[in-house]
Amino acid sequence: MRHEENITLAFLPEPLLAWYHENARDLPWRKTEDPYCIWVSEIMLQQTRVAAVLGYYARFLEAFPSVEALASAPEDRLMKLWEGLGYYSRAKNLQKAARIVAEMGAFPDTYEGLLALPGIGDYTASAIASAAFGRREAAVDGNVLRVVTRLTDCHDDILDPRTKRHVREQLQHVMPAESARVFNQATMELGATVCAPNGPPRCGECPVADFCLGRVRGTAETLPVKTPKKARRIEDKTVFLLLRGDRIALRRRPDDGLLAGLWEFPSVAGALDEKEAPAAVAALGFLPKAWKKKLFAKHIFTHVEWHMTGYTLEVEGDGPPDFVWVNRAALEEHAVPSAFARYYAEAIDHLP
DNA sequence: TAATCGTGGAG
DNA sequence: TCTCCAAGATT
């Protein structure tokens, strides 16, 4: 560890906390010390923007006000509440952990205890331990990594776990015991609003610009250093909106992998043209009656890209046993991911 | 270690 | 339209 870095970070807490006191956003999870509420917020906020979380957070706590309520919730209701928020294993791990906590009778109140719960890693364990229990545990997320690497002019790859460990160690040394609840929040707030991603830092508004090595040396805009990510692969799919009377076909995705356990319109691999599609429909056990529409849609995930060719048609026959047939009202009760948004809207258009 | 796992806002 | 990437965890 370089001596220089310690000196810089030692100056951080006082001006940072003063700035935070005047500039903190008014966020609902900052108004409570209830570990359950804080936990829910931290899981939702993983890789997800504050603006996207706010509505989900309010609806989720309304539906499941306690660990016990979450522990006993039906999975379909849980997934419907998480619909559109992404990273759906978070919701499943949340319920797994709720059942463990309910069984334990109390929320773990230490970093180690929290870390043992499903869906809680190093960052989240530290964040909850400090915000809910006042423990002196430095939480290192993307904001904190950006702030610290700029402050210390550190060019290590922030995707390397060793960099995170190093940053956490440095912060553990300077994090004030009497301000444990807000120090993490303040560092993240600075990274979210001033020392922000996507563009140059707003050093003119920064309370610690005076001793920021990245600013002094002119490297702040190039930090943090991050290894480039791999190119996305493209997957062609053909999606079928199968109409039968006032109903449409849905099927549940497998329990593992992408969009696990969510509902989708039936599809097959490959981009089928008008000549190939009828055979695929017949292979599913249907007799096509009327072809209504063809619709292309693209959806971009983090490292996969779906190119979807969609056909809307009326059919006869039951099809595979795992298909369920839903009317408009029932469709709206199922958790269908945003990847199918264009087809979802199309389905609604064709249902009475 | 490296790949996997969503979505949408911002530039 | 395209790229980046956000309060990460898991395997």
# chains A, B, ... in the order shown; residues from 1 in each chain; ligands from 1
>>> closest_atom_pairs(of="chain C", to="chain A", cutoff="7 Å", atoms="only C-alpha atoms (C1' of nucleotides)", output="tab-separated table")
residue	atom	partner	partner_atom	distance
C:DA6	C1'	A:Gln47	CA	4.7
C:DA7	C1'	A:Leu45	CA	5.1
C:DG8	C1'	A:Gln46	CA	5.5
C:DA9	C1'	A:Gly119	CA	5.9
>>> interface_residues(of="chain A", to="chain B", cutoff="9 Å", atoms="only C-alpha atoms (C1' of nucleotides)", output="list in words")
Thr48, Arg49, Ala52, Gly84, Leu85, Gly86, Tyr87, Tyr88, Ser89, Asn198, Gly199, Gly257, Leu258, Leu259, Ile300, Phe301, Thr302, His303, Pro337, Ser338 and Ala339 of chain A
>>> select_by_dssp(residues="segment 165-312 of chain A", states="alpha helix (DSSP H)", output="PyMOL selection string")
chain A and resi 165-174+180-193+213-217+277-283
>>> select_by_dssp(residues="segment 92-283 of chain A", states="strand (DSSP E)", output="PyMOL selection string")
chain A and resi 233-244+247-252+263-264+267-269
>>> residues_around(residues="Val268 of chain A", least_positions_apart="6", cutoff="8 Å", atoms="only C-alpha atoms (C1' of nucleotides)", output="ChimeraX atom specification")
/A:237-239,280
>>> write_last_selection(atoms="C-alpha atoms", output="PDB file, in the first residue's frame")
ATOM      1  CA  LYS A 237     -35.550 -16.354 -32.301  1.00  0.00           C
ATOM      2  CA  THR A 238     -38.992 -16.750 -33.781  1.00  0.00           C
ATOM      3  CA  VAL A 239     -41.787 -15.808 -31.386  1.00  0.00           C
ATOM      4  CA  ALA A 280     -42.754 -24.858 -36.941  1.00  0.00           C
TER       5      ALA A 280
END
>>> residues_around(residues="Phe240 of chain A", least_positions_apart="4", cutoff="7 Å", atoms="only C-alpha atoms (C1' of nucleotides)", output="ChimeraX atom specification")
/A:265-267,310-312
>>> write_last_selection(atoms="N, CA, C and O atoms", output="CSV table (one decimal), in the first residue's frame")
chain,number,residue,atom,x,y,z
A,265,PHE,N,-43.9,-15.7,-24.5
A,265,PHE,CA,-44.7,-16.3,-25.6
A,265,PHE,C,-43.8,-17.4,-26.2
A,265,PHE,O,-42.6,-17.2,-26.3
A,266,PRO,N,-44.4,-18.5,-26.6
A,266,PRO,CA,-43.6,-19.6,-27.2
A,266,PRO,C,-42.7,-19.1,-28.3
A,266,PRO,O,-43.1,-18.3,-29.1
A,267,SER,N,-41.6,-19.7,-28.4
A,267,SER,CA,-40.6,-19.4,-29.4
A,267,SER,C,-39.8,-20.6,-29.8
A,267,SER,O,-39.7,-21.5,-29.1
A,310,GLY,N,-41.5,-12.2,-35.1
A,310,GLY,CA,-42.7,-12.6,-34.4
A,310,GLY,C,-43.8,-12.8,-35.4
A,310,GLY,O,-44.0,-12.0,-36.3
A,311,TYR,N,-44.7,-13.8,-35.1
A,311,TYR,CA,-45.9,-14.0,-36.0
A,311,TYR,C,-47.1,-14.1,-35.0
A,311,TYR,O,-47.1,-14.8,-34.0
A,312,THR,N,-48.1,-13.3,-35.4
A,312,THR,CA,-49.4,-13.4,-34.7
A,312,THR,C,-50.3,-14.2,-35.6
A,312,THR,O,-50.5,-13.9,-36.8
>>> atom_distance(atom1="atom CA of Ala177 of chain A", atom2="atom CA of Leu94 of chain A")
29.1 Å
